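Structure below is target-v9.cif: mmCIF, C-alpha atoms.
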```
data_protein
loop_
_atom_site.label_atom_id
_atom_site.label_comp_id
_atom_site.auth_asym_id
_atom_site.auth_seq_id
_atom_site.Cartn_x
_atom_site.Cartn_y
_atom_site.Cartn_z
CA MET A 1 -22.07 -21.51 24.98
CA VAL A 2 -22.85 -19.99 21.57
CA ALA A 3 -22.07 -16.48 22.84
CA THR A 4 -18.79 -17.67 24.34
CA THR A 5 -17.77 -19.30 21.07
CA PHE A 6 -18.70 -16.14 19.13
CA ASP A 7 -16.66 -13.95 21.48
CA THR A 8 -13.66 -16.26 21.15
CA VAL A 9 -13.83 -16.19 17.36
CA GLY A 10 -14.22 -12.40 17.42
CA ALA A 11 -11.19 -11.98 19.66
CA LYS A 12 -9.07 -14.24 17.44
CA THR A 13 -10.21 -12.32 14.37
CA ARG A 14 -9.22 -8.99 15.91
CA TRP A 15 -5.73 -10.32 16.66
CA PHE A 16 -5.50 -11.69 13.13
CA TYR A 17 -5.69 -8.11 11.90
CA VAL A 18 -2.95 -7.13 14.33
CA GLY A 19 -0.85 -9.91 12.86
CA MET A 20 -1.51 -8.67 9.34
CA SER A 21 -0.57 -5.14 10.40
CA SER A 22 2.69 -6.43 11.87
CA VAL A 23 3.53 -8.10 8.56
CA PHE A 24 2.88 -4.80 6.79
CA VAL A 25 5.36 -3.07 9.12
CA LEU A 26 7.99 -5.75 8.48
CA ILE A 27 7.58 -5.46 4.71
CA ALA A 28 7.62 -1.66 4.76
CA PHE A 29 10.79 -1.53 6.84
CA GLY A 30 12.58 -4.61 5.51
CA GLY A 31 11.90 -3.84 1.86
CA PHE A 32 13.67 -0.51 2.04
CA ILE A 33 16.68 -1.62 4.09
CA PRO A 34 19.00 -2.09 1.06
CA THR A 35 17.98 1.03 -0.86
CA TYR A 36 17.11 3.50 1.90
CA TRP A 37 17.66 2.61 5.56
CA ALA A 38 21.16 1.13 5.10
CA LYS A 39 22.24 4.01 2.89
CA LEU A 40 20.75 6.53 5.29
CA ALA A 41 22.68 4.96 8.16
CA SER A 42 25.93 5.07 6.19
CA GLY A 43 25.37 8.61 4.91
CA SER A 44 25.40 7.46 1.27
CA PHE A 45 21.76 8.21 0.40
CA THR A 46 21.65 11.07 -2.10
CA GLY A 47 17.95 11.39 -2.90
CA ALA A 48 15.92 14.59 -2.84
CA PRO A 49 14.35 15.78 0.44
CA ILE A 50 10.88 14.79 -0.79
CA LEU A 51 12.00 11.16 -0.68
CA HIS A 52 12.80 11.47 3.03
CA ILE A 53 9.39 13.03 3.68
CA HIS A 54 7.68 10.39 1.55
CA GLY A 55 9.46 7.52 3.30
CA THR A 56 8.84 8.93 6.77
CA LEU A 57 5.11 9.38 6.18
CA PHE A 58 4.66 5.92 4.68
CA PHE A 59 6.55 4.12 7.43
CA THR A 60 4.66 6.18 10.01
CA TRP A 61 1.43 5.06 8.35
CA THR A 62 2.28 1.37 8.76
CA LEU A 63 3.03 1.95 12.46
CA PHE A 64 -0.19 3.94 12.80
CA PHE A 65 -2.13 1.11 11.15
CA LEU A 66 -0.61 -1.38 13.58
CA ALA A 67 -1.52 0.87 16.52
CA GLN A 68 -5.09 1.25 15.28
CA THR A 69 -5.65 -2.49 14.87
CA THR A 70 -4.13 -3.06 18.32
CA LEU A 71 -6.53 -0.56 19.88
CA VAL A 72 -9.46 -2.49 18.43
CA ALA A 73 -8.02 -5.85 19.47
CA THR A 74 -7.65 -4.63 23.06
CA GLY A 75 -11.20 -3.27 23.18
CA ARG A 76 -10.29 0.42 22.91
CA VAL A 77 -12.62 1.11 20.00
CA LEU A 78 -13.40 4.67 21.07
CA ASP A 79 -9.68 5.50 21.09
CA HIS A 80 -9.41 3.92 17.65
CA ARG A 81 -12.16 6.21 16.35
CA SER A 82 -10.70 9.26 18.06
CA TRP A 83 -7.49 8.81 16.08
CA GLY A 84 -9.41 8.46 12.83
CA MET A 85 -9.02 12.10 11.76
CA ALA A 86 -5.26 11.87 12.30
CA GLY A 87 -5.27 8.85 9.99
CA ILE A 88 -7.17 10.75 7.32
CA SER A 89 -4.72 13.64 7.54
CA LEU A 90 -1.73 11.32 7.35
CA ALA A 91 -3.16 9.45 4.37
CA THR A 92 -3.82 12.75 2.57
CA ALA A 93 -0.24 13.89 3.12
CA MET A 94 1.01 10.55 1.84
CA GLY A 95 -0.95 11.03 -1.37
CA PHE A 96 0.72 14.38 -2.06
CA THR A 97 4.18 12.89 -1.50
CA VAL A 98 3.49 10.03 -3.93
CA VAL A 99 2.80 12.56 -6.66
CA LEU A 100 5.80 14.71 -5.74
CA ALA A 101 8.10 11.68 -5.56
CA ALA A 102 6.92 10.56 -9.00
CA ILE A 103 7.58 14.03 -10.40
CA ASN A 104 11.03 14.01 -8.82
CA SER A 105 11.80 10.64 -10.45
CA MET A 106 10.74 11.93 -13.86
CA LYS A 107 12.83 15.09 -13.56
CA VAL A 108 15.89 13.19 -12.35
CA ALA A 109 15.53 10.66 -15.18
CA ASP A 110 15.32 13.54 -17.65
CA THR A 111 18.83 14.62 -16.69
CA PHE A 112 20.28 11.43 -18.17
CA GLY A 113 17.90 11.05 -21.10
CA MET A 114 15.45 8.55 -19.64
CA ALA A 115 12.44 10.77 -19.01
CA ASP A 116 10.06 8.67 -21.10
CA GLN A 117 11.03 5.51 -19.20
CA ALA A 118 10.31 7.33 -15.94
CA ARG A 119 6.99 8.61 -17.26
CA ARG A 120 5.98 5.09 -18.19
CA PHE A 121 7.08 3.70 -14.83
CA SER A 122 5.22 6.42 -12.93
CA ILE A 123 2.02 4.52 -13.71
CA VAL A 124 3.04 2.01 -11.03
CA SER A 125 3.02 4.43 -8.11
CA LEU A 126 0.29 6.75 -9.37
CA THR A 127 -2.25 4.01 -10.06
CA ALA A 128 -1.36 2.36 -6.75
CA LEU A 129 -2.19 5.70 -5.13
CA VAL A 130 -5.58 5.69 -6.89
CA MET A 131 -6.28 2.18 -5.57
CA PHE A 132 -5.24 3.15 -2.05
CA ALA A 133 -7.36 6.30 -2.14
CA GLY A 134 -10.38 4.41 -3.45
CA PHE A 135 -10.25 1.67 -0.82
CA PHE A 136 -9.34 4.06 2.00
CA GLY A 137 -12.03 6.57 1.10
CA THR A 138 -14.63 3.81 0.92
CA ALA A 139 -13.43 2.44 4.26
CA ILE A 140 -13.96 5.84 5.87
CA GLY A 141 -17.46 5.94 4.44
CA GLN A 142 -18.14 2.50 5.94
CA VAL A 143 -16.72 3.23 9.40
CA ARG A 144 -20.04 2.29 11.04
CA ARG A 145 -19.86 -1.16 9.45
CA PRO A 146 -16.76 -2.65 11.11
CA GLU A 147 -16.74 -5.90 9.13
CA VAL A 148 -16.66 -3.95 5.87
CA HIS A 149 -14.39 -1.18 7.15
CA LYS A 150 -11.56 -3.40 8.37
CA ARG A 151 -11.45 -5.44 5.17
CA LEU A 152 -11.38 -2.32 3.04
CA MET A 153 -8.42 -1.13 5.11
CA ILE A 154 -6.60 -4.39 4.40
CA LEU A 155 -7.26 -3.85 0.70
CA ALA A 156 -5.97 -0.29 0.99
CA MET A 157 -2.71 -1.54 2.48
CA ILE A 158 -1.91 -3.95 -0.36
CA PRO A 159 -0.94 -1.28 -2.98
CA LEU A 160 1.26 0.43 -0.38
CA MET A 161 3.31 -2.73 0.11
CA GLN A 162 4.18 -3.17 -3.55
CA ALA A 163 7.01 -0.62 -3.59
CA ALA A 164 8.76 -2.19 -0.61
CA MET A 165 8.43 -5.68 -2.07
CA ALA A 166 9.69 -4.40 -5.41
CA ARG A 167 12.86 -3.13 -3.71
CA LEU A 168 13.57 -6.65 -2.45
CA PHE A 169 13.10 -8.08 -5.94
CA ALA A 170 15.30 -5.36 -7.44
CA THR A 171 18.06 -5.92 -4.90
CA ALA A 172 18.09 -9.63 -5.62
CA LEU A 173 17.66 -9.58 -9.40
CA THR A 174 18.97 -6.31 -10.86
CA PRO A 175 22.47 -6.63 -12.36
CA PRO A 176 25.13 -4.27 -10.93
CA GLY A 177 25.56 -0.97 -12.74
CA VAL A 178 22.03 -0.70 -14.11
CA ILE A 179 20.67 2.84 -13.92
CA GLY A 180 17.36 4.47 -14.65
CA PRO A 181 13.74 3.43 -14.19
CA PRO A 182 13.00 -0.26 -14.83
CA PRO A 183 10.42 -1.45 -17.35
CA VAL A 184 6.89 -1.53 -15.98
CA PHE A 185 6.51 -5.30 -16.25
CA VAL A 186 9.00 -5.83 -13.40
CA SER A 187 6.37 -4.45 -11.01
CA VAL A 188 4.07 -7.42 -11.64
CA PRO A 189 5.90 -10.19 -9.71
CA PRO A 190 6.30 -8.07 -6.52
CA GLY A 191 2.66 -7.04 -6.78
CA LEU A 192 1.49 -10.63 -7.07
CA THR A 193 3.72 -11.58 -4.13
CA VAL A 194 2.07 -8.94 -1.96
CA ASP A 195 -1.30 -10.26 -3.10
CA LEU A 196 -0.53 -13.43 -1.14
CA LEU A 197 -1.33 -11.42 2.00
CA LEU A 198 -4.78 -10.81 0.59
CA VAL A 199 -5.07 -14.50 -0.18
CA ALA A 200 -4.25 -15.20 3.48
CA ALA A 201 -7.03 -12.83 4.58
CA ILE A 202 -9.51 -14.51 2.22
CA VAL A 203 -8.54 -17.96 3.48
CA TYR A 204 -8.92 -16.77 7.07
CA ASP A 205 -12.40 -15.48 6.23
CA TRP A 206 -13.23 -18.81 4.66
CA ARG A 207 -12.17 -20.67 7.79
CA THR A 208 -13.92 -18.37 10.27
CA ARG A 209 -16.98 -17.28 8.27
CA GLY A 210 -17.44 -20.21 5.92
CA ARG A 211 -16.99 -17.93 2.88
CA PRO A 212 -14.93 -14.93 1.76
CA HIS A 213 -16.39 -11.54 2.55
CA PRO A 214 -17.91 -9.74 -0.50
CA VAL A 215 -15.45 -6.87 0.03
CA TYR A 216 -12.60 -9.21 -0.91
CA LEU A 217 -14.52 -10.70 -3.84
CA ILE A 218 -14.85 -7.21 -5.32
CA GLY A 219 -11.58 -5.65 -4.20
CA ALA A 220 -9.18 -8.46 -5.03
CA PRO A 221 -10.04 -8.56 -8.76
CA LEU A 222 -9.76 -4.77 -8.92
CA LEU A 223 -6.24 -4.94 -7.50
CA LEU A 224 -5.27 -7.72 -9.88
CA VAL A 225 -6.59 -5.82 -12.90
CA GLN A 226 -4.65 -2.72 -11.85
CA GLN A 227 -1.43 -4.68 -11.42
CA ILE A 228 -1.70 -6.36 -14.82
CA LEU A 229 -3.18 -3.62 -17.01
CA ILE A 230 -0.57 -1.02 -16.09
CA VAL A 231 1.92 -2.89 -18.29
CA PRO A 232 0.14 -2.28 -21.63
CA LEU A 233 -1.37 1.04 -20.52
CA SER A 234 2.02 2.52 -19.59
CA ALA A 235 3.10 2.68 -23.23
CA THR A 236 -0.05 4.35 -24.56
CA PRO A 237 -0.08 7.96 -25.74
CA ALA A 238 -2.88 8.65 -23.27
CA TRP A 239 -0.74 7.64 -20.31
CA MET A 240 2.31 9.51 -21.57
CA SER A 241 0.17 12.64 -21.86
CA ALA A 242 -1.15 12.11 -18.33
CA ALA A 243 2.38 11.60 -16.99
CA ARG A 244 3.61 14.78 -18.68
CA TRP A 245 0.70 16.67 -17.13
CA VAL A 246 1.60 15.34 -13.67
CA GLU A 247 5.23 16.29 -14.27
CA SER A 248 4.19 19.82 -15.21
CA LEU A 249 2.44 20.38 -11.85
CA THR A 250 5.66 21.65 -10.30
CA GLY A 251 6.70 23.68 -13.31
#
```

Is it possible to give me this structure as structure tokens?
Amino acid sequence: MVATTFDTVGAKTRWFYVGMSSVFVLIAFGGFIPTYWAKLASGSFTGAPILHIHGTLFFTWTLFFLAQTTLVATGRVLDHRSWGMAGISLATAMGFTVVLAAINSMKVADTFGMADQARRFSIVSLTALVMFAGFFGTAIGQVRRPEVHKRLMILAMIPLMQAAMARLFATALTPPGVIGPPPVFVSVPPGLTVDLLLVAAIVYDWRTRGRPHPVYLIGAPLLLVQQILIVPLSATPAWMSAARWVESLTG
């Protein structure tokens, strides 16, 4: 009876992660409908090619993440592990496109005199990349500890969702005719909204385990600190120097 109950809880937990992955796909796709997908369909999107590559890799990642969680939920753990190297390669490529997309934004902003605003705002995507890389890299190192690994992967997904959520906020709240990078503080509400997914995961842990997993107790505060501190840090000389260095990587 105890074993049966344990197996049932384990099966429900695995499908919980599939549900979370599905939400990530919906956010990633839905968030970019107004600013990317709709414009792409109408032929009115005018961004640089790197933005297409960046968007394709990131949306592919969310689908890949959904596929990986589904493999585990259906008992195909060996297949899940076999695809692990593909996931590492995809995540690495994503990281390069984040940097290149940030550089593109800074160079475009420079053409209409808003380079410093773009340099300040680049802290949003570049620090989110650092958070993703940290959680993802740790998750790979903990692949033999499934309970730790899967929660680290959830944490890694949270920074990736912030950009899509921010597009929804911008579409709803930005006045018509506004151009250029927004101030950094506007990234905070979308980030906190995405954090609600992490809250849901913590609550689910609480209900099924009796307490939140230590991974969440460490990772959640780190995410919150990153989301809040980027506002004051973005205006510091140290960050502006770092942003100029990043911008100089492509000449």

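Nearest residue to Ile103 of chain A, choosing from A:Leu71, A:Ala200, A:Ile50, A:Ala86 and counting only C-alpha atoms: A:Ile50.
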
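For the file shown, the residue list from the PyMOL selection byres ((chain A and resi 161-177) around 9) reads A:Phe24, A:Ile27, A:Ala28, A:Phe29, A:Gly30, A:Gly31, A:Phe32, A:Ile33, A:Pro34, A:Thr35, A:Val124, A:Ser125, A:Ala128, A:Met157, A:Ile158, A:Pro159, A:Leu160, A:Val178, A:Ile179, A:Val186, A:Ser187, A:Val188, A:Pro189, A:Pro190, A:Gly191, A:Leu192, A:Thr193, A:Val194, A:Asp195.
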
Report as a JSON list (two decimals) with C-alpha atoms, in the coordinates of the input all protein, DNA and RNA residues lying within 12 Å of Trp83 of chain A, evaluated on all atoms listed in the file, omitting residues in the same chain fewer than 3 positions from it.
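Output contents, as saved in selection-v5.json:
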```json
[["chain", "number", "residue", "atom", "x", "y", "z"],
["A", 64, "PHE", "CA", -0.19, 3.94, 12.80],
["A", 65, "PHE", "CA", -2.13, 1.11, 11.15],
["A", 67, "ALA", "CA", -1.52, 0.87, 16.52],
["A", 68, "GLN", "CA", -5.09, 1.25, 15.28],
["A", 69, "THR", "CA", -5.65, -2.49, 14.87],
["A", 71, "LEU", "CA", -6.53, -0.56, 19.88],
["A", 72, "VAL", "CA", -9.46, -2.49, 18.43],
["A", 76, "ARG", "CA", -10.29, 0.42, 22.91],
["A", 77, "VAL", "CA", -12.62, 1.11, 20.00],
["A", 78, "LEU", "CA", -13.40, 4.67, 21.07],
["A", 79, "ASP", "CA", -9.68, 5.50, 21.09],
["A", 80, "HIS", "CA", -9.41, 3.92, 17.65],
["A", 86, "ALA", "CA", -5.26, 11.87, 12.30],
["A", 87, "GLY", "CA", -5.27, 8.85, 9.99],
["A", 88, "ILE", "CA", -7.17, 10.75, 7.32],
["A", 89, "SER", "CA", -4.72, 13.64, 7.54],
["A", 90, "LEU", "CA", -1.73, 11.32, 7.35]]
```

Name every residue that the PyMOL selection byres ((chain A and resi 225-231) around 9) selects in this structure, writing the answer as a PyMOL selection string with chains first and numbers rising. chain A and resi 120+123-124+127-128+131+183-185+187-188+191-192+220-224+232-235

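Closest approach to Ala102 of chain A from the set A:Val148, A:Ala133, A:Leu51, A:Met153 is made by A:Leu51, with distances taken over all atoms listed in the file.
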
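Atom CA of His54 of chain A sits 19.3 Å away from atom CA of Ala243 of chain A.
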
Using all atoms listed in the file, which of the listed residues (A:Pro182, A:Ala242, A:Arg151, A:Asp110) sits closest to His213 of chain A? A:Arg151

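Reported to one decimal place, the separation of atom CA of Lys150 of chain A from atom CA of Leu198 of chain A is 12.7 Å.
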
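Separating atom CA of Thr138 of chain A from atom CA of Val98 of chain A is a distance of 19.8 Å.
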
List the neighbours of Leu152 of chain A out to 8 Å using all atoms listed in the file; skip same-chain residues closer than 5 positions along the sequence, and give me the result as JSON, numbers by chain. {"A": [135, 136, 138, 139, 215, 219]}

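Among the candidate residues A:Gly47, A:Arg81, A:Val23, A:Glu247, the one lying nearest to Val143 of chain A is A:Arg81, with distances computed using all atoms listed in the file.
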
Output requested as an mmCIF file, in the coordinates of the input - segment 192-208 of chain A, filled out with N, CA, C and O atoms.
```cif
data_model
loop_
_atom_site.group_PDB
_atom_site.id
_atom_site.type_symbol
_atom_site.label_atom_id
_atom_site.label_comp_id
_atom_site.auth_asym_id
_atom_site.auth_seq_id
_atom_site.Cartn_x
_atom_site.Cartn_y
_atom_site.Cartn_z
ATOM 1 N N LEU A 192 2.162 -9.348 -7.293
ATOM 2 C CA LEU A 192 1.490 -10.630 -7.070
ATOM 3 C C LEU A 192 1.959 -11.278 -5.774
ATOM 4 O O LEU A 192 1.180 -11.974 -5.110
ATOM 5 N N THR A 193 3.213 -11.043 -5.406
ATOM 6 C CA THR A 193 3.720 -11.580 -4.130
ATOM 7 C C THR A 193 2.991 -10.942 -2.957
ATOM 8 O O THR A 193 2.586 -11.626 -2.010
ATOM 9 N N VAL A 194 2.812 -9.630 -3.014
ATOM 10 C CA VAL A 194 2.070 -8.940 -1.960
ATOM 11 C C VAL A 194 0.622 -9.420 -1.897
ATOM 12 O O VAL A 194 0.017 -9.503 -0.826
ATOM 13 N N ASP A 195 0.077 -9.774 -3.056
ATOM 14 C CA ASP A 195 -1.300 -10.260 -3.100
ATOM 15 C C ASP A 195 -1.500 -11.515 -2.256
ATOM 16 O O ASP A 195 -2.638 -11.840 -1.869
ATOM 17 N N LEU A 196 -0.416 -12.232 -1.973
ATOM 18 C CA LEU A 196 -0.530 -13.430 -1.140
ATOM 19 C C LEU A 196 -1.049 -13.078 0.254
ATOM 20 O O LEU A 196 -1.684 -13.917 0.912
ATOM 21 N N LEU A 197 -0.781 -11.860 0.717
ATOM 22 C CA LEU A 197 -1.330 -11.420 2.000
ATOM 23 C C LEU A 197 -2.849 -11.329 1.925
ATOM 24 O O LEU A 197 -3.560 -11.678 2.878
ATOM 25 N N LEU A 198 -3.333 -10.877 0.789
ATOM 26 C CA LEU A 198 -4.780 -10.810 0.590
ATOM 27 C C LEU A 198 -5.366 -12.214 0.502
ATOM 28 O O LEU A 198 -6.459 -12.471 1.019
ATOM 29 N N VAL A 199 -4.636 -13.104 -0.131
ATOM 30 C CA VAL A 199 -5.070 -14.500 -0.180
ATOM 31 C C VAL A 199 -5.185 -15.064 1.241
ATOM 32 O O VAL A 199 -6.149 -15.762 1.572
ATOM 33 N N ALA A 200 -4.214 -14.734 2.085
ATOM 34 C CA ALA A 200 -4.250 -15.200 3.480
ATOM 35 C C ALA A 200 -5.492 -14.669 4.187
ATOM 36 O O ALA A 200 -6.146 -15.397 4.957
ATOM 37 N N ALA A 201 -5.842 -13.410 3.948
ATOM 38 C CA ALA A 201 -7.030 -12.830 4.580
ATOM 39 C C ALA A 201 -8.299 -13.508 4.074
ATOM 40 O O ALA A 201 -9.241 -13.745 4.848
ATOM 41 N N ILE A 202 -8.340 -13.828 2.789
ATOM 42 C CA ILE A 202 -9.510 -14.510 2.220
ATOM 43 C C ILE A 202 -9.636 -15.908 2.800
ATOM 44 O O ILE A 202 -10.742 -16.347 3.167
ATOM 45 N N VAL A 203 -8.521 -16.618 2.900
ATOM 46 C CA VAL A 203 -8.540 -17.960 3.480
ATOM 47 C C VAL A 203 -8.992 -17.907 4.938
ATOM 48 O O VAL A 203 -9.774 -18.753 5.393
ATOM 49 N N TYR A 204 -8.516 -16.904 5.668
ATOM 50 C CA TYR A 204 -8.920 -16.770 7.070
ATOM 51 C C TYR A 204 -10.428 -16.529 7.165
ATOM 52 O O TYR A 204 -11.108 -17.093 8.031
ATOM 53 N N ASP A 205 -10.955 -15.682 6.277
ATOM 54 C CA ASP A 205 -12.400 -15.480 6.230
ATOM 55 C C ASP A 205 -13.126 -16.798 5.976
ATOM 56 O O ASP A 205 -14.148 -17.096 6.595
ATOM 57 N N TRP A 206 -12.601 -17.552 5.037
ATOM 58 C CA TRP A 206 -13.230 -18.810 4.660
ATOM 59 C C TRP A 206 -13.295 -19.754 5.866
ATOM 60 O O TRP A 206 -14.297 -20.431 6.096
ATOM 61 N N ARG A 207 -12.222 -19.766 6.642
ATOM 62 C CA ARG A 207 -12.170 -20.670 7.790
ATOM 63 C C ARG A 207 -13.047 -20.199 8.941
ATOM 64 O O ARG A 207 -13.598 -21.007 9.683
ATOM 65 N N THR A 208 -13.173 -18.886 9.116
ATOM 66 C CA THR A 208 -13.920 -18.370 10.270
ATOM 67 C C THR A 208 -15.362 -18.008 9.936
ATOM 68 O O THR A 208 -16.208 -18.006 10.828
#
```
